[in-house]
>>> print(open('data-v9.cif').read())   # mmCIF, C-alpha atoms and all ligand atoms
data_protein
loop_
_atom_site.label_atom_id
_atom_site.label_comp_id
_atom_site.auth_asym_id
_atom_site.auth_seq_id
_atom_site.Cartn_x
_atom_site.Cartn_y
_atom_site.Cartn_z
CA MET T 6 -11.29 -30.32 11.86
CA SER T 7 -12.32 -26.67 11.35
CA LYS T 8 -10.82 -24.77 8.43
CA ILE T 9 -7.73 -22.68 9.11
CA TYR T 10 -8.06 -19.10 7.94
CA ALA T 11 -5.19 -16.62 7.85
CA ALA T 12 -6.24 -13.76 10.11
CA ILE T 13 -4.64 -10.41 10.82
CA THR T 14 -3.91 -10.42 14.56
CA ALA T 15 -1.97 -7.16 14.91
CA VAL T 16 -1.01 -4.12 12.87
CA GLY T 17 1.70 -1.48 13.17
CA GLY T 18 2.52 1.65 11.26
CA TYR T 19 4.99 4.45 10.90
CA VAL T 20 5.05 7.73 9.03
CA PRO T 21 8.03 10.10 9.15
CA ASP T 22 7.69 13.36 11.10
CA TYR T 23 8.34 15.75 8.22
CA VAL T 24 5.08 17.07 6.74
CA LEU T 25 5.25 18.25 3.13
CA THR T 26 2.17 20.41 2.66
CA ASN T 27 0.50 21.53 -0.55
CA HIS T 28 1.61 25.04 0.33
CA GLU T 29 5.26 23.99 0.46
CA LEU T 30 4.83 22.23 -2.91
CA GLU T 31 3.57 25.57 -4.28
CA THR T 32 7.08 26.91 -3.64
CA MET T 33 8.69 23.98 -5.48
CA VAL T 34 6.58 23.52 -8.65
CA ASP T 35 3.87 25.40 -10.53
CA THR T 36 0.88 24.11 -8.60
CA ASN T 37 -1.59 25.23 -5.97
CA ASP T 38 -3.41 23.84 -2.97
CA GLU T 39 -6.80 24.16 -4.64
CA TRP T 40 -5.76 22.09 -7.72
CA ILE T 41 -4.14 19.36 -5.63
CA THR T 42 -7.05 19.18 -3.21
CA THR T 43 -9.79 19.02 -5.83
CA ARG T 44 -7.93 16.71 -8.25
CA THR T 45 -6.53 14.28 -5.63
CA GLY T 46 -7.92 14.95 -2.13
CA ILE T 47 -4.38 15.27 -0.73
CA LYS T 48 -3.46 18.08 1.67
CA GLU T 49 -0.11 16.82 2.95
CA ARG T 50 2.25 13.87 2.82
CA ARG T 51 5.16 12.68 4.99
CA ILE T 52 8.79 12.67 3.87
CA GLN T 53 11.63 10.65 5.36
CA LYS T 54 14.45 13.15 5.85
CA GLY T 55 17.99 12.45 6.99
CA GLU T 56 21.08 10.74 5.68
CA GLY T 57 21.34 6.98 5.66
CA LEU T 58 17.66 6.27 6.16
CA ALA T 59 15.74 3.91 3.89
CA THR T 60 12.46 2.04 3.63
CA SER T 61 13.53 -0.57 6.20
CA ASP T 62 14.01 2.21 8.75
CA MET T 63 10.29 3.01 8.53
CA ALA T 64 9.44 -0.68 8.80
CA VAL T 65 11.39 -1.15 12.02
CA PRO T 66 9.17 1.04 14.25
CA ALA T 67 6.03 -0.32 12.51
CA VAL T 68 7.06 -3.90 13.23
CA LEU T 69 8.23 -3.20 16.80
CA GLU T 70 4.84 -1.60 17.52
CA LEU T 71 3.07 -4.63 16.06
CA LEU T 72 5.14 -7.09 18.12
CA LYS T 73 4.53 -5.10 21.30
CA LYS T 74 0.77 -5.00 20.70
CA ARG T 75 0.68 -8.74 20.04
CA GLY T 76 2.98 -9.45 22.98
CA ILE T 77 5.41 -11.62 21.04
CA GLY T 78 9.12 -11.52 20.29
CA ALA T 79 10.63 -11.02 16.84
CA GLU T 80 12.20 -14.48 16.98
CA GLU T 81 8.70 -16.00 16.78
CA ILE T 82 8.18 -14.71 13.22
CA ASP T 83 8.40 -17.52 10.63
CA LEU T 84 8.33 -15.50 7.40
CA ILE T 85 8.56 -11.85 6.32
CA ILE T 86 7.13 -10.68 3.01
CA PHE T 87 8.25 -7.12 2.38
CA CYS T 88 6.07 -5.44 -0.24
CA THR T 89 7.88 -2.45 -1.67
CA SER T 90 8.82 -0.63 -4.86
CA THR T 91 11.64 1.23 -3.12
CA PRO T 92 13.76 -1.49 -1.51
CA ASP T 93 16.78 -0.30 0.45
CA MET T 94 18.86 -1.67 -2.45
CA PRO T 95 18.22 -3.98 -5.44
CA PHE T 96 19.56 -6.87 -3.40
CA PRO T 97 19.67 -8.27 -0.78
CA ALA T 98 15.98 -8.20 -0.01
CA THR T 99 14.73 -5.51 2.35
CA ALA T 100 12.91 -8.34 4.17
CA ASN T 101 16.33 -9.68 5.19
CA ILE T 102 17.57 -6.26 6.28
CA LEU T 103 14.42 -5.77 8.35
CA ALA T 104 14.74 -9.22 9.92
CA ASP T 105 18.27 -8.36 11.00
CA LYS T 106 17.28 -4.95 12.37
CA VAL T 107 14.36 -6.22 14.48
CA GLY T 108 15.99 -9.50 15.52
CA ALA T 109 13.71 -11.88 13.59
CA LYS T 110 16.41 -14.54 13.72
CA ASN T 111 14.21 -17.48 12.78
CA ALA T 112 12.45 -15.88 9.83
CA TRP T 113 13.22 -16.21 6.17
CA GLY T 114 11.89 -13.55 3.87
CA TYR T 115 11.66 -11.99 0.47
CA ASP T 116 10.56 -8.82 -1.22
CA LEU T 117 7.43 -8.65 -3.30
CA ASN T 118 7.23 -6.12 -6.11
CA ALA T 119 3.70 -5.38 -7.24
CA ALA T 120 3.77 -1.58 -6.89
CA CYS T 121 0.63 -0.18 -5.28
CA SER T 122 -1.06 -3.60 -5.16
CA GLY T 123 1.86 -5.06 -3.24
CA PHE T 124 0.18 -5.33 0.14
CA ILE T 125 -2.85 -7.12 -1.38
CA PHE T 126 -0.53 -9.52 -3.22
CA GLY T 127 1.53 -9.96 -0.03
CA LEU T 128 -1.47 -10.76 2.16
CA SER T 129 -2.82 -13.17 -0.46
CA THR T 130 0.55 -14.91 -0.73
CA GLY T 131 1.30 -14.96 2.99
CA ALA T 132 -2.12 -16.42 3.75
CA GLN T 133 -1.19 -19.59 1.85
CA PHE T 134 1.56 -20.43 4.34
CA ILE T 135 -0.91 -20.10 7.21
CA GLU T 136 -3.82 -21.95 5.58
CA THR T 137 -1.65 -24.96 4.78
CA GLY T 138 -0.60 -25.16 8.41
CA LYS T 139 3.04 -24.66 7.46
CA TYR T 140 3.56 -21.49 9.52
CA GLN T 141 2.08 -19.80 12.56
CA LYS T 142 3.30 -16.22 12.18
CA VAL T 143 3.76 -14.49 8.84
CA LEU T 144 4.61 -10.81 8.77
CA ILE T 145 3.41 -8.77 5.80
CA VAL T 146 5.08 -5.38 5.51
CA GLY T 147 4.10 -2.71 3.00
CA GLY T 148 6.03 0.50 2.68
CA ASP T 149 7.86 2.88 0.43
CA LYS T 150 10.22 5.79 0.53
CA MET T 151 8.64 7.29 -2.57
CA SER T 152 10.58 10.52 -2.06
CA SER T 153 13.71 8.59 -3.09
CA ILE T 154 12.37 8.12 -6.64
CA ILE T 155 10.24 11.22 -7.11
CA ASN T 156 11.24 14.08 -9.37
CA TYR T 157 10.29 17.20 -7.44
CA GLU T 158 10.28 19.14 -10.71
CA ASP T 159 7.46 17.00 -12.16
CA ARG T 160 4.29 18.60 -10.83
CA ALA T 161 1.99 15.87 -12.11
CA THR T 162 3.77 13.20 -10.05
CA CYS T 163 5.39 14.81 -7.03
CA ILE T 164 2.13 16.05 -5.58
CA ILE T 165 0.61 12.61 -5.00
CA PHE T 166 3.34 10.51 -3.41
CA GLY T 167 4.57 10.30 0.17
CA ASP T 168 6.60 8.05 2.46
CA GLY T 169 5.26 5.57 5.02
CA CYS T 170 5.11 1.95 6.08
CA GLY T 171 2.65 -0.42 7.70
CA ALA T 172 2.71 -4.04 8.79
CA ALA T 173 0.23 -6.79 9.58
CA LEU T 174 0.74 -10.14 11.29
CA LEU T 175 -1.04 -13.19 9.88
CA GLU T 176 -1.84 -16.10 12.22
CA PRO T 177 -4.10 -19.15 11.99
CA ASN T 178 -7.74 -18.66 12.98
CA THR T 179 -10.28 -21.45 13.40
CA GLU T 180 -13.20 -19.22 14.46
CA GLY T 181 -14.14 -18.36 10.89
CA ASN T 182 -12.34 -14.98 10.78
CA GLY T 183 -9.49 -13.98 8.50
CA ILE T 184 -8.93 -13.84 4.76
CA MET T 185 -12.01 -15.34 3.11
CA ASP T 186 -11.17 -14.71 -0.53
CA PHE T 187 -8.88 -12.76 -2.83
CA ILE T 188 -8.55 -11.92 -6.50
CA CYS T 189 -5.20 -10.69 -7.86
CA LYS T 190 -4.52 -9.68 -11.44
CA SER T 191 -1.67 -8.26 -13.50
CA ASP T 192 -1.18 -7.00 -17.03
CA GLY T 193 2.35 -6.17 -18.09
CA SER T 194 1.20 -4.34 -21.19
CA GLY T 195 0.69 -1.32 -18.93
CA ARG T 196 4.38 -1.17 -18.03
CA ASP T 197 5.14 1.97 -20.05
CA LEU T 198 2.50 4.08 -18.31
CA LEU T 199 3.83 3.79 -14.77
CA ASN T 200 7.37 2.73 -14.08
CA GLN T 201 10.91 3.52 -12.95
CA ARG T 202 12.82 2.77 -16.13
CA GLY T 203 16.39 3.10 -14.94
CA GLY T 204 18.41 1.04 -12.50
CA GLY T 205 17.39 -2.42 -13.67
CA SER T 206 19.03 -4.73 -16.20
CA LEU T 207 17.38 -2.91 -19.11
CA ILE T 208 18.91 0.46 -18.31
CA PRO T 209 21.66 0.13 -15.69
CA ALA T 210 22.66 3.32 -13.91
CA SER T 211 24.92 5.55 -16.00
CA HIS T 212 25.56 9.27 -16.34
CA GLU T 213 23.18 9.21 -19.30
CA SER T 214 20.40 7.49 -17.39
CA VAL T 215 20.70 9.99 -14.55
CA ASP T 216 20.73 12.95 -16.95
CA ALA T 217 17.63 11.55 -18.65
CA LYS T 218 15.93 11.29 -15.23
CA LEU T 219 15.24 7.59 -15.76
CA HIS T 220 15.67 6.75 -12.07
CA TYR T 221 12.56 8.67 -11.13
CA ALA T 222 9.02 7.29 -11.09
CA HIS T 223 7.35 8.04 -14.39
CA GLN T 224 3.57 8.18 -14.54
CA GLU T 225 1.22 9.08 -17.34
CA GLY T 226 -1.38 10.17 -14.88
CA ARG T 227 -4.47 10.52 -17.01
CA ALA T 228 -3.99 7.13 -18.70
CA VAL T 229 -3.25 5.39 -15.40
CA PHE T 230 -6.26 7.06 -13.85
CA LYS T 231 -8.57 5.49 -16.47
CA PHE T 232 -7.28 1.97 -15.80
CA ALA T 233 -7.22 2.48 -12.02
CA VAL T 234 -10.70 3.86 -11.73
CA THR T 235 -12.33 0.96 -13.57
CA ASN T 236 -10.14 -1.95 -12.52
CA MET T 237 -10.01 -1.17 -8.79
CA ALA T 238 -13.75 -0.63 -8.64
CA ASP T 239 -14.52 -3.73 -10.74
CA ILE T 240 -12.29 -6.08 -8.78
CA ALA T 241 -13.75 -4.95 -5.45
CA ALA T 242 -17.23 -5.54 -6.86
CA GLU T 243 -16.15 -8.94 -8.25
CA VAL T 244 -14.86 -10.22 -4.92
CA MET T 245 -18.08 -9.05 -3.26
CA GLU T 246 -20.33 -10.63 -5.88
CA ARG T 247 -18.68 -14.00 -5.83
CA ASN T 248 -19.04 -14.10 -2.04
CA ASN T 249 -22.67 -12.96 -2.19
CA LEU T 250 -21.88 -9.78 -0.29
CA THR T 251 -24.01 -6.69 -0.71
CA SER T 252 -22.88 -3.21 0.26
CA ASP T 253 -24.87 -3.61 3.50
CA ASP T 254 -22.71 -6.60 4.44
CA VAL T 255 -19.51 -4.57 4.15
CA THR T 256 -18.40 -2.90 7.37
CA TRP T 257 -15.39 -1.13 5.86
CA LEU T 258 -14.08 -0.60 2.34
CA VAL T 259 -10.29 -0.14 2.53
CA PRO T 260 -9.09 1.20 -0.84
CA HIS T 261 -5.57 2.02 -1.98
CA GLN T 262 -5.08 5.76 -1.49
CA ALA T 263 -3.93 7.04 -4.89
CA ASN T 264 -6.54 9.64 -5.62
CA LYS T 265 -9.74 10.51 -3.76
CA ARG T 266 -11.65 10.41 -7.06
CA ILE T 267 -10.60 6.77 -7.60
CA ILE T 268 -11.63 5.96 -4.02
CA ASP T 269 -15.02 7.60 -4.56
CA ALA T 270 -15.55 5.69 -7.81
CA THR T 271 -14.80 2.40 -6.05
CA ALA T 272 -17.29 3.28 -3.32
CA THR T 273 -19.95 4.15 -5.89
CA ARG T 274 -19.34 0.97 -7.91
CA THR T 275 -19.61 -1.26 -4.81
CA GLY T 276 -22.48 0.75 -3.30
CA VAL T 277 -20.57 1.27 -0.05
CA THR T 278 -21.55 4.58 1.55
CA ALA T 279 -18.92 7.20 2.36
CA ASP T 280 -19.16 6.66 6.13
CA LYS T 281 -17.83 3.11 5.61
CA VAL T 282 -14.89 4.02 3.36
CA VAL T 283 -11.47 4.27 5.01
CA VAL T 284 -9.72 7.42 3.79
CA ASN T 285 -6.51 9.01 5.06
CA ILE T 286 -5.16 10.25 1.73
CA GLU T 287 -5.46 13.87 2.86
CA ARG T 288 -2.72 13.28 5.46
CA TYR T 289 -0.33 10.80 3.84
CA GLY T 290 -0.91 10.99 0.07
CA ASN T 291 -0.03 7.89 -1.92
CA THR T 292 2.53 5.81 -0.01
CA THR T 293 2.33 3.04 -2.67
CA ASN T 294 2.73 -0.25 -0.75
CA GLY T 295 2.05 1.56 2.51
CA THR T 296 -1.47 2.84 1.91
CA ILE T 297 -3.59 -0.17 2.92
CA PRO T 298 -1.64 -1.20 6.04
CA LEU T 299 -1.55 2.45 7.13
CA CYS T 300 -5.34 2.59 6.70
CA LEU T 301 -5.71 -0.51 8.90
CA TRP T 302 -3.31 1.05 11.43
CA ASP T 303 -5.25 4.33 11.49
CA TRP T 304 -8.63 2.59 11.76
CA GLU T 305 -7.59 -0.22 14.13
CA SER T 306 -9.48 1.16 17.14
CA LYS T 307 -12.72 1.24 15.10
CA LEU T 308 -12.43 -2.31 13.74
CA LYS T 309 -14.36 -5.01 15.59
CA LYS T 310 -14.14 -8.78 15.60
CA GLY T 311 -16.25 -10.19 12.76
CA ASP T 312 -16.30 -6.95 10.74
CA THR T 313 -16.35 -7.51 6.99
CA LEU T 314 -13.58 -5.65 5.17
CA ILE T 315 -13.02 -5.29 1.44
CA LEU T 316 -9.49 -4.25 0.50
CA ALA T 317 -8.77 -3.09 -3.05
CA ALA T 318 -5.79 -1.69 -4.92
CA PHE T 319 -4.47 -0.80 -8.35
CA GLY T 320 -0.87 -0.08 -9.27
CA GLY T 321 1.97 -0.01 -11.72
CA GLY T 322 2.62 -3.12 -13.74
CA PHE T 323 -0.32 -2.99 -14.09
CA THR T 324 -1.40 -4.89 -11.00
CA TRP T 325 -4.69 -4.92 -9.18
CA GLY T 326 -6.44 -6.96 -6.55
CA SER T 327 -9.06 -7.20 -3.86
CA ILE T 328 -9.40 -9.14 -0.61
CA TYR T 329 -12.48 -10.04 1.41
CA LEU T 330 -11.56 -10.56 5.04
CA LYS T 331 -13.26 -10.80 8.41
CA TRP T 332 -11.52 -8.92 11.17
CA ALA T 333 -10.36 -11.26 13.92
CA TYR T 334 -9.93 -9.08 17.03
O1 LIG J 401 -1.03 4.56 -7.21
C1 LIG J 401 -1.39 3.74 -8.23
C2 LIG J 401 -1.47 4.30 -9.58
N1 LIG J 401 -1.62 5.71 -9.70
C3 LIG J 401 -2.83 6.28 -9.76
O2 LIG J 401 -3.83 5.66 -9.61
C4 LIG J 401 -2.85 7.77 -10.10
C5 LIG J 401 -3.77 8.01 -11.25
N2 LIG J 401 -3.72 9.35 -11.79
C6 LIG J 401 -4.12 10.46 -11.08
O3 LIG J 401 -4.46 10.38 -9.92
C7 LIG J 401 -4.23 11.74 -11.83
O4 LIG J 401 -4.07 11.51 -13.19
C8 LIG J 401 -3.20 12.84 -11.38
C9 LIG J 401 -3.54 13.34 -9.99
C10 LIG J 401 -1.79 12.29 -11.42
C11 LIG J 401 -3.31 14.03 -12.34
O5 LIG J 401 -4.64 14.50 -12.36
P1 LIG J 401 -5.45 14.67 -13.73
O6 LIG J 401 -6.75 15.23 -13.38
O7 LIG J 401 -5.43 13.37 -14.46
O8 LIG J 401 -4.59 15.77 -14.46
P2 LIG J 401 -3.97 15.72 -15.92
O9 LIG J 401 -2.67 15.01 -15.89
O10 LIG J 401 -4.99 15.26 -16.90
O11 LIG J 401 -3.72 17.25 -16.15
C12 LIG J 401 -4.82 18.20 -16.25
C13 LIG J 401 -4.23 19.60 -16.30
C14 LIG J 401 -3.09 19.73 -17.29
O12 LIG J 401 -3.15 21.03 -17.82
P3 LIG J 401 -3.79 21.28 -19.26
O13 LIG J 401 -2.99 20.44 -20.22
O14 LIG J 401 -5.21 20.83 -19.17
O15 LIG J 401 -3.63 22.75 -19.46
C15 LIG J 401 -1.87 19.60 -16.45
O16 LIG J 401 -0.75 20.24 -17.00
O17 LIG J 401 -3.68 19.91 -15.02
C16 LIG J 401 -2.31 20.28 -15.17
N3 LIG J 401 -1.59 19.82 -13.99
C17 LIG J 401 -1.46 20.55 -12.89
N4 LIG J 401 -1.88 21.79 -12.57
C18 LIG J 401 -1.58 22.23 -11.34
C19 LIG J 401 -0.99 18.61 -13.81
N5 LIG J 401 -0.46 18.57 -12.57
C20 LIG J 401 -0.73 19.76 -12.00
C21 LIG J 401 -0.45 20.29 -10.73
N6 LIG J 401 -0.89 21.53 -10.44
N7 LIG J 401 0.25 19.63 -9.80
#
>>> encode(input="data-v9.cif", output="structure tokens")
Amino acid sequence: MSKIYAAITAVGGYVPDYVLTNHELETMVDTNDEWITTRTGIKERRIQKGEGLATSDMAVPAVLELLKKRGIGAEEIDLIIFCTSTPDMPFPATANILADKVGAKNAWGYDLNAACSGFIFGLSTGAQFIETGKYQKVLIVGGDKMSSIINYEDRATCIIFGDGCGAALLEPNTEGNGIMDFICKSDGSGRDLLNQRGGGSLIPASHESVDAKLHYAHQEGRAVFKFAVTNMADIAAEVMERNNLTSDDVTWLVPHQANKRIIDATATRTGVTADKVVVNIERYGNTTNGTIPLCLWDWESKLKKGDTLILAAFGGGFTWGSIYLKWAY
């Protein structure tokens, strides 16, 4: 019997309409378009505006688009893994809320919290349910409403993050396409450098925690940058090396979009030329769990069956990971 691989068979995406440009940020904090562009590569990011809207509300259109493209109903989904750092609420899981909103009546689901590496961790985890033959349709969603935890007075942080959500469907493939290999790593000793300290069991919400701005994302940018730039590049190179892939074998490098300089370093380390690196950071900024699925969504029309993709990410936790996959459609 031929081996069952977990292959992506459809993608969907959604970004909110509101465009927060570098020029608008200039009116909010002491920054300028030139600094943001040269230090990060970001020109604009999307923001989810409006009362009563949350991360799941970006996932709904992404998932409905995916289902339509694949020509299946929501009730056919077996499992939803929702990768997010900004769940609608601490519990219940946003996966459950999404399932209810799209009518995925037969799915169970859970949220996966691995910050910017979430989608890599989610794909790696979801693939196991397909490869064992247990399930036929596993939905991996990655998205964040970063604007809900960003301090728009902190110029070092507010300029990089944006809102958005993407989704990918995993199904069995016996033609030799799908997820070939993955490496995922985490190191909790980095927890003080990138986190949201308030709102958990350590520091429950209180007047004091709000006054101390502990419910916002906190990032020590320069320190995180050093870890990100080496670990993301190294893990992409590691997954390539152990699968005997050279840069010529790679059709597309799909890196997490945190900073264009980190993307460039990953391309240099792996030897993948700029024309084969998927980049949309200039339009969406860093959507945390959303970056990689939104890259796949943006590039879908250029991807061909059998293409070799290397996905790589680094995020808070610290977490980092890389996937080697062969595109299946
Ligand atoms: O998503 C997963 C994990 N996150 C990442 O991978 C992000 C990693 N970090 C970064 O991308 C970068 O560190 C940032 C984009 C966040 C910051 O860039 P940087 O080049 O590391 O800047 P810095 O924090 O070292 O600051 C350099 C200077 C400082 O001024 P002085 O002390 O040299 O006078 C900052 O105060 O730039 C100043 N600065 C700014 N200036 C204008 C910091 N933010 C801004 C700003 N506009 N928005």
>>> closest_atom_pairs(input="data-v9.cif", of="chain T", to="ligand LIG 401 (chain J)", cutoff="9 Å", atoms="all atoms listed in the file", output="Markdown table")
| residue | atom | partner | partner_atom | distance |
| --- | --- | --- | --- | --- |
| T:Leu30 | CA | J:LIG401 | N7 | 8.7 |
| T:Glu31 | CA | J:LIG401 | N6 | 8.6 |
| T:Val34 | CA | J:LIG401 | N7 | 7.5 |
| T:Asp35 | CA | J:LIG401 | N6 | 6.1 |
| T:Thr36 | CA | J:LIG401 | N6 | 3.6 |
| T:Asn37 | CA | J:LIG401 | N6 | 5.8 |
| T:Asp38 | CA | J:LIG401 | N6 | 8.2 |
| T:Glu39 | CA | J:LIG401 | N6 | 8.7 |
| T:Trp40 | CA | J:LIG401 | C18 | 5.5 |
| T:Ile41 | CA | J:LIG401 | N7 | 6.1 |
| T:Thr43 | CA | J:LIG401 | O6 | 9.0 |
| T:Arg44 | CA | J:LIG401 | O6 | 5.5 |
| T:Thr45 | CA | J:LIG401 | C9 | 5.4 |
| T:Ala120 | CA | J:LIG401 | C1 | 7.5 |
| T:Cys121 | CA | J:LIG401 | C1 | 5.3 |
| T:Ser122 | CA | J:LIG401 | C1 | 8.0 |
| T:Asp159 | CA | J:LIG401 | N7 | 8.0 |
| T:Arg160 | CA | J:LIG401 | N7 | 4.3 |
| T:Ala161 | CA | J:LIG401 | N5 | 3.7 |
| T:Thr162 | CA | J:LIG401 | C10 | 5.8 |
| T:Cys163 | CA | J:LIG401 | N7 | 7.6 |
| T:Ile164 | CA | J:LIG401 | N7 | 5.8 |
| T:Ile165 | CA | J:LIG401 | C9 | 6.5 |
| T:Phe166 | CA | J:LIG401 | O1 | 8.3 |
| T:Leu199 | CA | J:LIG401 | C2 | 7.4 |
| T:Gln224 | CA | J:LIG401 | C10 | 7.4 |
| T:Glu225 | CA | J:LIG401 | O4 | 7.1 |
| T:Gly226 | CA | J:LIG401 | O4 | 3.4 |
| T:Arg227 | CA | J:LIG401 | O7 | 3.9 |
| T:Ala228 | CA | J:LIG401 | O4 | 7.0 |
| T:Val229 | CA | J:LIG401 | C5 | 4.9 |
| T:Phe230 | CA | J:LIG401 | C5 | 3.7 |
| T:Lys231 | CA | J:LIG401 | C5 | 7.5 |
| T:Phe232 | CA | J:LIG401 | O2 | 8.0 |
| T:Ala233 | CA | J:LIG401 | O2 | 5.2 |
| T:Val234 | CA | J:LIG401 | O2 | 7.4 |
| T:His261 | CA | J:LIG401 | O1 | 7.4 |
| T:Gln262 | CA | J:LIG401 | O1 | 7.1 |
| T:Ala263 | CA | J:LIG401 | O1 | 4.5 |
| T:Asn264 | CA | J:LIG401 | O3 | 4.8 |
| T:Lys265 | CA | J:LIG401 | O3 | 8.1 |
| T:Arg266 | CA | J:LIG401 | O3 | 7.7 |
| T:Ile267 | CA | J:LIG401 | O2 | 7.1 |
| T:Asn291 | CA | J:LIG401 | O1 | 6.3 |
| T:Thr292 | CA | J:LIG401 | O1 | 8.1 |
| T:Thr293 | CA | J:LIG401 | O1 | 5.8 |
| T:Asn294 | CA | J:LIG401 | O1 | 8.9 |
| T:Ala318 | CA | J:LIG401 | C1 | 7.7 |
| T:Phe319 | CA | J:LIG401 | C1 | 5.5 |
| T:Gly320 | CA | J:LIG401 | C1 | 4.0 |
| T:Gly321 | CA | J:LIG401 | C2 | 5.9 |
| T:Phe323 | CA | J:LIG401 | C2 | 8.6 |
>>> closest_residue(input="data-v9.cif", among="T:Ser129, T:Ser152, T:Ser61, T:Asn178", to="Leu25 (chain T)", atoms="only C-alpha atoms")
T:Ser152
>>> closest_residue(input="data-v9.cif", among="T:Ile9, T:Val282, T:Ala109, T:Ala317", to="Thr137 (chain T)", atoms="all atoms listed in the file")
T:Ile9
>>> closest_residue(input="data-v9.cif", among="T:Asn118, T:Asn111, T:Thr60, T:Ser7", to="Asn200 (chain T)", atoms="only C-alpha atoms")
T:Asn118
>>> atom_distance(input="data-v9.cif", atom1="CA of Pro298 (chain T)", atom2="CA of Tyr19 (chain T)")
10.0 Å
>>> residues_around(input="data-v9.cif", residues="Ile188 (chain T)", least_positions_apart="2", cutoff="7 Å", atoms="all atoms listed in the file", output="compact mmCIF listing (two decimals) with C-alpha atoms, keeping the file's coordinate frame")
# COMPACT_ATOMS: atom_id res chain seq x y z
CA LYS T 190 -4.52 -9.68 -11.44
CA VAL T 244 -14.86 -10.22 -4.92
CA GLY T 326 -6.44 -6.96 -6.55
CA SER T 327 -9.06 -7.20 -3.86
CA ILE T 328 -9.40 -9.14 -0.61
>>> residues_around(input="data-v9.cif", residues="Asp312 (chain T)", least_positions_apart="6", cutoff="12 Å", atoms="all atoms listed in the file", output="PDB file with C-alpha atoms, in the frame of the given file")
ATOM      1  CA  GLY T 181     -14.140 -18.360  10.890  1.00  0.00           C
ATOM      2  CA  ASN T 182     -12.340 -14.980  10.780  1.00  0.00           C
ATOM      3  CA  GLY T 183      -9.490 -13.980   8.500  1.00  0.00           C
ATOM      4  CA  ILE T 184      -8.930 -13.840   4.760  1.00  0.00           C
ATOM      5  CA  ASP T 253     -24.870  -3.610   3.500  1.00  0.00           C
ATOM      6  CA  ASP T 254     -22.710  -6.600   4.440  1.00  0.00           C
ATOM      7  CA  VAL T 255     -19.510  -4.570   4.150  1.00  0.00           C
ATOM      8  CA  THR T 256     -18.400  -2.900   7.370  1.00  0.00           C
ATOM      9  CA  TRP T 257     -15.390  -1.130   5.860  1.00  0.00           C
ATOM     10  CA  LEU T 258     -14.080  -0.600   2.340  1.00  0.00           C
ATOM     11  CA  LYS T 281     -17.830   3.110   5.610  1.00  0.00           C
ATOM     12  CA  GLU T 305      -7.590  -0.220  14.130  1.00  0.00           C
ATOM     13  CA  TYR T 329     -12.480 -10.040   1.410  1.00  0.00           C
ATOM     14  CA  LEU T 330     -11.560 -10.560   5.040  1.00  0.00           C
ATOM     15  CA  LYS T 331     -13.260 -10.800   8.410  1.00  0.00           C
ATOM     16  CA  TRP T 332     -11.520  -8.920  11.170  1.00  0.00           C
ATOM     17  CA  ALA T 333     -10.360 -11.260  13.920  1.00  0.00           C
ATOM     18  CA  TYR T 334      -9.930  -9.080  17.030  1.00  0.00           C
TER      19      TYR T 334
END
>>> closest_residue(input="data-v9.cif", among="T:Arg288, T:His212, T:Lys48, T:Lys142", to="Asn27 (chain T)", atoms="all atoms listed in the file")
T:Lys48
>>> atom_distance(input="data-v9.cif", atom1="CA of Gln201 (chain T)", atom2="CA of Ala241 (chain T)")
27.1 Å
>>> closest_residue(input="data-v9.cif", among="T:Val68, T:Met33, T:Ile208, T:Ala12", to="His220 (chain T)", atoms="all atoms listed in the file")
T:Ile208
>>> atom_distance(input="data-v9.cif", atom1="CA of Gly290 (chain T)", atom2="CA of Ala64 (chain T)")
17.9 Å
>>> residues_near_point(input="data-v9.cif", point="(14.2, -9.2, 7.1)", cutoff="9 Å", atoms="all atoms listed in the file", output="ChimeraX atom specification")
/T:61,84-87,98-110,112-115
>>> write_last_selection(input="data-v9.cif", atoms="C-alpha atoms", output="tab-separated table (two decimals), in the coordinates of the input")
chain	number	residue	atom	x	y	z
T	61	SER	CA	13.53	-0.57	6.20
T	84	LEU	CA	8.33	-15.50	7.40
T	85	ILE	CA	8.56	-11.85	6.32
T	86	ILE	CA	7.13	-10.68	3.01
T	87	PHE	CA	8.25	-7.12	2.38
T	98	ALA	CA	15.98	-8.20	-0.01
T	99	THR	CA	14.73	-5.51	2.35
T	100	ALA	CA	12.91	-8.34	4.17
T	101	ASN	CA	16.33	-9.68	5.19
T	102	ILE	CA	17.57	-6.26	6.28
T	103	LEU	CA	14.42	-5.77	8.35
T	104	ALA	CA	14.74	-9.22	9.92
T	105	ASP	CA	18.27	-8.36	11.00
T	106	LYS	CA	17.28	-4.95	12.37
T	107	VAL	CA	14.36	-6.22	14.48
T	108	GLY	CA	15.99	-9.50	15.52
T	109	ALA	CA	13.71	-11.88	13.59
T	110	LYS	CA	16.41	-14.54	13.72
T	112	ALA	CA	12.45	-15.88	9.83
T	113	TRP	CA	13.22	-16.21	6.17
T	114	GLY	CA	11.89	-13.55	3.87
T	115	TYR	CA	11.66	-11.99	0.47
>>> axis_aligned_box(input="data-v9.cif", around="region 43-53 of chain T", padding_each_side="5 Å", output="AutoDock Vina command-line options")
--center_x 0.9 --center_y 14.8 --center_z -1.4 --size_x 31.4 --size_y 18.4 --size_z 23.6
